[in-house]
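Next up, upload_0.pdb (PDB, C-alpha atoms (C1' of nucleotides)):
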```pdb
ATOM      1  CA  MET M   1     205.988  22.530  85.716  1.00  0.00           C
ATOM      2  CA  ASN M   2     203.557  25.128  86.666  1.00  0.00           C
ATOM      3  CA  PRO M   3     204.701  26.502  89.967  1.00  0.00           C
ATOM      4  CA  HIS M   4     201.449  27.990  90.913  1.00  0.00           C
ATOM      5  CA  LYS M   5     200.800  29.053  94.455  1.00  0.00           C
ATOM      6  CA  ALA M   6     198.095  26.452  94.777  1.00  0.00           C
ATOM      7  CA  ASP M   7     200.709  23.806  94.101  1.00  0.00           C
ATOM      8  CA  SER M   8     202.938  24.927  96.890  1.00  0.00           C
ATOM      9  CA  PHE M   9     204.276  22.421  99.356  1.00  0.00           C
ATOM     10  CA  PHE M  10     201.883  23.558 102.018  1.00  0.00           C
ATOM     11  CA  GLN M  11     198.903  23.090  99.791  1.00  0.00           C
ATOM     12  CA  LYS M  12     199.946  19.554  99.029  1.00  0.00           C
ATOM     13  CA  VAL M  13     200.328  18.824 102.698  1.00  0.00           C
ATOM     14  CA  TYR M  14     196.865  20.114 103.398  1.00  0.00           C
ATOM     15  CA  GLU M  15     195.453  17.978 100.653  1.00  0.00           C
ATOM     16  CA  VAL M  16     197.023  14.847 102.061  1.00  0.00           C
ATOM     17  CA  VAL M  17     195.892  15.610 105.590  1.00  0.00           C
ATOM     18  CA  ARG M  18     192.371  16.115 104.370  1.00  0.00           C
ATOM     19  CA  ARG M  19     192.450  12.620 102.934  1.00  0.00           C
ATOM     20  CA  VAL M  20     193.154  11.094 106.322  1.00  0.00           C
ATOM     21  CA  PRO M  21     190.040   9.111 107.201  1.00  0.00           C
ATOM     22  CA  ARG M  22     188.196   9.757 110.402  1.00  0.00           C
ATOM     23  CA  GLY M  23     189.491   7.652 113.256  1.00  0.00           C
ATOM     24  CA  ARG M  24     192.876   7.263 111.594  1.00  0.00           C
ATOM     25  CA  VAL M  25     196.201   9.003 112.056  1.00  0.00           C
ATOM     26  CA  THR M  26     199.273   9.641 109.973  1.00  0.00           C
ATOM     27  CA  THR M  27     202.738  10.993 110.595  1.00  0.00           C
ATOM     28  CA  TYR M  28     204.729  13.997 109.498  1.00  0.00           C
ATOM     29  CA  GLY M  29     207.426  11.799 108.034  1.00  0.00           C
ATOM     30  CA  ALA M  30     204.944   9.750 106.043  1.00  0.00           C
ATOM     31  CA  ILE M  31     203.455  12.852 104.476  1.00  0.00           C
ATOM     32  CA  ALA M  32     206.869  14.291 103.752  1.00  0.00           C
ATOM     33  CA  ALA M  33     207.991  11.044 102.164  1.00  0.00           C
ATOM     34  CA  TYR M  34     204.805  10.884 100.146  1.00  0.00           C
ATOM     35  CA  LEU M  35     205.481  14.356  98.819  1.00  0.00           C
ATOM     36  CA  GLY M  36     208.992  13.354  97.858  1.00  0.00           C
ATOM     37  CA  SER M  37     210.840  15.091 100.644  1.00  0.00           C
ATOM     38  CA  LYS M  38     211.517  12.347 103.104  1.00  0.00           C
ATOM     39  CA  GLY M  39     213.771  14.395 105.332  1.00  0.00           C
ATOM     40  CA  SER M  40     211.561  17.432 105.382  1.00  0.00           C
ATOM     41  CA  ALA M  41     209.104  16.242 107.964  1.00  0.00           C
ATOM     42  CA  ARG M  42     209.600  19.564 109.720  1.00  0.00           C
ATOM     43  CA  MET M  43     208.050  21.357 106.797  1.00  0.00           C
ATOM     44  CA  VAL M  44     204.912  19.309 107.265  1.00  0.00           C
ATOM     45  CA  GLY M  45     204.658  20.352 110.864  1.00  0.00           C
ATOM     46  CA  TRP M  46     205.222  23.895 109.834  1.00  0.00           C
ATOM     47  CA  ALA M  47     202.529  23.685 107.248  1.00  0.00           C
ATOM     48  CA  MET M  48     200.195  22.523 109.980  1.00  0.00           C
ATOM     49  CA  ASN M  49     201.113  25.530 112.023  1.00  0.00           C
ATOM     50  CA  HIS M  50     199.681  27.774 109.360  1.00  0.00           C
ATOM     51  CA  SER M  51     196.976  25.356 108.367  1.00  0.00           C
ATOM     52  CA  HIS M  52     194.447  26.928 110.667  1.00  0.00           C
ATOM     53  CA  LYS M  53     195.102  30.233 108.935  1.00  0.00           C
ATOM     54  CA  THR M  54     195.008  28.941 105.399  1.00  0.00           C
ATOM     55  CA  ASP M  55     192.539  26.103 105.747  1.00  0.00           C
ATOM     56  CA  PRO M  56     190.996  25.817 109.214  1.00  0.00           C
ATOM     57  CA  ASP M  57     189.162  22.685 108.187  1.00  0.00           C
ATOM     58  CA  ILE M  58     192.350  20.651 108.104  1.00  0.00           C
ATOM     59  CA  PRO M  59     192.215  17.776 110.626  1.00  0.00           C
ATOM     60  CA  ALA M  60     195.650  18.523 111.988  1.00  0.00           C
ATOM     61  CA  HIS M  61     194.871  16.472 115.070  1.00  0.00           C
ATOM     62  CA  ARG M  62     195.185  13.353 112.920  1.00  0.00           C
ATOM     63  CA  VAL M  63     198.827  14.092 112.319  1.00  0.00           C
ATOM     64  CA  VAL M  64     201.293  12.891 114.917  1.00  0.00           C
ATOM     65  CA  ASN M  65     204.968  12.084 114.998  1.00  0.00           C
ATOM     66  CA  ARG M  66     206.438   8.682 114.245  1.00  0.00           C
ATOM     67  CA  ASN M  67     206.074   7.649 117.881  1.00  0.00           C
ATOM     68  CA  GLY M  68     202.373   8.300 117.747  1.00  0.00           C
ATOM     69  CA  VAL M  69     202.837  11.131 120.190  1.00  0.00           C
ATOM     70  CA  LEU M  70     200.702  14.241 119.967  1.00  0.00           C
ATOM     71  CA  THR M  71     203.629  16.553 119.537  1.00  0.00           C
ATOM     72  CA  GLY M  72     201.493  19.334 118.176  1.00  0.00           C
ATOM     73  CA  LYS M  73     198.881  19.309 120.881  1.00  0.00           C
ATOM     74  CA  HIS M  74     200.307  22.466 122.290  1.00  0.00           C
ATOM     75  CA  HIS M  75     199.479  24.322 119.138  1.00  0.00           C
ATOM     76  CA  PHE M  76     195.785  23.723 119.321  1.00  0.00           C
ATOM     77  CA  GLY M  77     193.460  26.000 121.186  1.00  0.00           C
ATOM     78  CA  THR M  78     193.939  23.994 124.316  1.00  0.00           C
ATOM     79  CA  HIS M  79     196.232  21.074 125.010  1.00  0.00           C
ATOM     80  CA  ARG M  80     193.342  18.730 125.451  1.00  0.00           C
ATOM     81  CA  MET M  81     191.771  19.779 122.183  1.00  0.00           C
ATOM     82  CA  MET M  82     193.854  17.444 120.054  1.00  0.00           C
ATOM     83  CA  GLN M  83     193.279  14.472 122.316  1.00  0.00           C
ATOM     84  CA  GLN M  84     189.652  15.390 122.602  1.00  0.00           C
ATOM     85  CA  LEU M  85     189.211  15.418 118.845  1.00  0.00           C
ATOM     86  CA  LEU M  86     191.018  12.108 118.438  1.00  0.00           C
ATOM     87  CA  GLU M  87     189.046  10.375 121.138  1.00  0.00           C
ATOM     88  CA  ASN M  88     185.936  11.828 119.640  1.00  0.00           C
ATOM     89  CA  GLU M  89     186.785   9.868 116.505  1.00  0.00           C
ATOM     90  CA  GLY M  90     187.384   6.695 118.433  1.00  0.00           C
ATOM     91  CA  VAL M  91     191.149   7.027 118.731  1.00  0.00           C
ATOM     92  CA  VAL M  92     192.361   6.182 122.206  1.00  0.00           C
ATOM     93  CA  VAL M  93     195.058   8.481 123.513  1.00  0.00           C
ATOM     94  CA  ILE M  94     197.096   7.623 126.566  1.00  0.00           C
ATOM     95  CA  SER M  95     199.746   9.937 127.942  1.00  0.00           C
ATOM     96  CA  ASP M  96     199.667  11.980 124.751  1.00  0.00           C
ATOM     97  CA  LYS M  97     200.278   8.837 122.735  1.00  0.00           C
ATOM     98  CA  VAL M  98     197.942   7.151 120.281  1.00  0.00           C
ATOM     99  CA  ARG M  99     197.042   3.657 121.366  1.00  0.00           C
ATOM    100  CA  HIS M 100     197.300   0.992 118.650  1.00  0.00           C
ATOM    101  CA  PHE M 101     199.091   3.583 116.618  1.00  0.00           C
ATOM    102  CA  ASP M 102     200.463   0.876 114.377  1.00  0.00           C
ATOM    103  CA  ALA M 103     196.966  -0.254 113.439  1.00  0.00           C
ATOM    104  CA  LEU M 104     195.531   3.232 113.136  1.00  0.00           C
ATOM    105  CA  PHE M 105     198.393   4.526 111.060  1.00  0.00           C
ATOM    106  CA  TRP M 106     197.226   5.690 107.650  1.00  0.00           C
ATOM    107  CA  ASP M 107     199.851   5.729 104.959  1.00  0.00           C
ATOM    108  CA  PRO M 108     199.096   8.224 102.169  1.00  0.00           C
ATOM    109  CA  GLY M 109     201.258   6.188  99.822  1.00  0.00           C
ATOM    110  CA  LYS M 110     199.213   3.057 100.332  1.00  0.00           C
ATOM    111  CA  ALA M 111     195.917   4.865 100.426  1.00  0.00           C
ATOM    112  CA  ARG M 112     193.815   5.060  97.343  1.00  0.00           C
TER     113      ARG M 112
ATOM    114  C1'  DG T   1     219.064  38.030  99.779  1.00  0.00           C
ATOM    115  C1'  DG T   2     221.118  36.072 104.097  1.00  0.00           C
ATOM    116  C1'  DT T   3     219.634  34.386 108.617  1.00  0.00           C
ATOM    117  C1'  DG T   4     216.651  32.147 111.657  1.00  0.00           C
ATOM    118  C1'  DT T   5     213.219  29.023 112.669  1.00  0.00           C
ATOM    119  C1'  DG T   6     210.264  25.058 112.954  1.00  0.00           C
ATOM    120  C1'  DA T   7     203.926  20.487 115.347  1.00  0.00           C
ATOM    121  C1'  DC T   8     210.513  15.949 112.740  1.00  0.00           C
ATOM    122  C1'  DC T   9     213.790  11.958 112.062  1.00  0.00           C
ATOM    123  C1'  DA T  10     217.858   9.303 112.436  1.00  0.00           C
ATOM    124  C1'  DG T  11     222.304   8.750 113.884  1.00  0.00           C
ATOM    125  C1'  DC T  12     226.145   9.464 116.901  1.00  0.00           C
ATOM    126  C1'  DT T  13     228.367  10.063 121.629  1.00  0.00           C
TER     127       DT T  13
ATOM    128  C1'  DA C   1     220.184   4.900 128.267  1.00  0.00           C
ATOM    129  C1'  DA C   2     219.636   9.571 127.350  1.00  0.00           C
ATOM    130  C1'  DG C   3     221.072  13.806 125.287  1.00  0.00           C
ATOM    131  C1'  DC C   4     222.895  16.370 121.396  1.00  0.00           C
ATOM    132  C1'  DT C   5     223.792  17.350 116.484  1.00  0.00           C
ATOM    133  C1'  DG C   6     223.041  17.542 111.789  1.00  0.00           C
ATOM    134  C1'  DG C   7     219.988  17.268 107.883  1.00  0.00           C
ATOM    135  C1'  DC C   8     216.095  18.397 105.499  1.00  0.00           C
ATOM    136  C1'  DC C   9     213.465  22.359 102.906  1.00  0.00           C
ATOM    137  C1'  DA C  10     209.970  26.122 102.822  1.00  0.00           C
ATOM    138  C1'  DC C  11     208.607  30.526 104.735  1.00  0.00           C
ATOM    139  C1'  DA C  12     209.001  35.188 107.476  1.00  0.00           C
ATOM    140  C1'  DC C  13     211.762  39.224 108.568  1.00  0.00           C
TER     141       DC C  13
END
```
Now that the file is in, can you turn its structure into structure tokens?
Amino acid sequence: MNPHKADSFFQKVYEVVRRVPRGRVTTYGAIAAYLGSKGSARMVGWAMNHSHKTDPDIPAHRVVNRNGVLTGKHHFGTHRMMQQLLENEGVVVISDKVRHFDALFWDPGKAR
DNA sequence: GGTGTGACCAGCT
DNA sequence: AAGCTGGCCACAC
């Protein structure tokens, strides 16, 4: 009802990503679905691409694809950066995949 | 204002 | 089984 710039899709994505607890991960699809656009998971990834420009404090490394694979690792400063950050939070990453992804998955819809 | 693109997802061949 | 296509929607040129 009040299409302000602050309410743009990107901004909502950032807000959700910020809510992801430390040591947890979520997926593009989950965020997209939470925002009401289930099929627009690509938009989420795109939002992340500009996240470092708009809000550099966004923990984009906590966002992975539905396989738990660090698809966006290549977009960080260095490829190891994303894995480094995750492991630094206690998330084990093997072959660019999050171990125990099922248990570490954080659903924004179920979160408080 | 149309076209292209994109850190995805699911389905079809 | 593995690869390709379409769909989805917002943003940049």
Put a box with edges along x, y and z around all the listed atoms of chain C, pad it by 4 Å on each side, then give me its centre and sizes in Å, one decimal, as JSON.
```
{"center_x": 216.2, "center_y": 22.1, "center_z": 115.5, "size_x": 23.2, "size_y": 42.3, "size_z": 33.4}
```
Spatial neighbours of DA12 (chain C), 12 Å, only C-alpha atoms (C1' of nucleotides), chain gap at least 3 places, as a list in words: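 Answer for this query is DT3, DG4, DT5 and DG6 of chain T.
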Residues of chain M within 8 Å of chain C, counting all atoms listed in the file, as a list in words: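 So the contacting residues turn out to be Phe9, Ser37, Lys38, Gly39, Ser40, Ala41, Arg42 and Met43 of chain M.
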Residue subset to file, keeping C-alpha atoms, as a PDB file, in the coordinates of the input:
```pdb
ATOM      1  CA  PHE M   9     204.276  22.421  99.356  1.00  0.00           C
ATOM      2  CA  SER M  37     210.840  15.091 100.644  1.00  0.00           C
ATOM      3  CA  LYS M  38     211.517  12.347 103.104  1.00  0.00           C
ATOM      4  CA  GLY M  39     213.771  14.395 105.332  1.00  0.00           C
ATOM      5  CA  SER M  40     211.561  17.432 105.382  1.00  0.00           C
ATOM      6  CA  ALA M  41     209.104  16.242 107.964  1.00  0.00           C
ATOM      7  CA  ARG M  42     209.600  19.564 109.720  1.00  0.00           C
ATOM      8  CA  MET M  43     208.050  21.357 106.797  1.00  0.00           C
TER       9      MET M  43
END
```
For the structure shown, which residues end up in the PyMOL selection byres ((chain T) within 8 of (chain M))? Put them as a list of chain:residue names, please?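 Evaluating the PyMOL selection byres ((chain T) within 8 of (chain M)) on these coordinates yields T:DG6, T:DA7, T:DC8, T:DC9.
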List every protein, DNA or RNA residue that has at least one atom no more than 9 Å from (190.7, 19.3, 100.8) in the file's coordinates, counting all atoms listed in the file, and write the result as a PyMOL selection string. chain M and resi 14-19+55+57-58
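The spacing separating C1' of DG11 (chain T) from CA of Gly68 (chain M) amounts to 20.3 Å.
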What does the distance between CA of Gly90 (chain M) and CA of Val25 (chain M) come to in Å, to one decimal place?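 Interatomic distance, CA of Gly90 (chain M) to CA of Val25 (chain M): 11.1 Å.
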At what distance in Å, to one decimal, does CA of Arg22 (chain M) lie from CA of Glu89 (chain M)? 6.3 Å
Explicit residue set for the PyMOL selection byres ((chain M and resi 101-107) around 6), as a short mmCIF file (atom, residue, chain, number, x, y, z; two decimals) with C-alpha atoms, in the coordinates of the input:
```cif
data_model
loop_
_atom_site.label_atom_id
_atom_site.label_comp_id
_atom_site.auth_asym_id
_atom_site.auth_seq_id
_atom_site.Cartn_x
_atom_site.Cartn_y
_atom_site.Cartn_z
CA ARG M 24 192.88 7.26 111.59
CA VAL M 25 196.20 9.00 112.06
CA THR M 26 199.27 9.64 109.97
CA GLY M 68 202.37 8.30 117.75
CA VAL M 98 197.94 7.15 120.28
CA ARG M 99 197.04 3.66 121.37
CA HIS M 100 197.30 0.99 118.65
CA PRO M 108 199.10 8.22 102.17
CA GLY M 109 201.26 6.19 99.82
CA LYS M 110 199.21 3.06 100.33
#
```
Go through M:Met82, M:Ala33, M:Arg62, M:Ile94 and flag the residue nearest Val20 (chain M), using all atoms listed in the file for the distances.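 Of M:Met82, M:Ala33, M:Arg62, M:Ile94, the one nearest Val20 (chain M) is M:Arg62, counting all atoms listed in the file.
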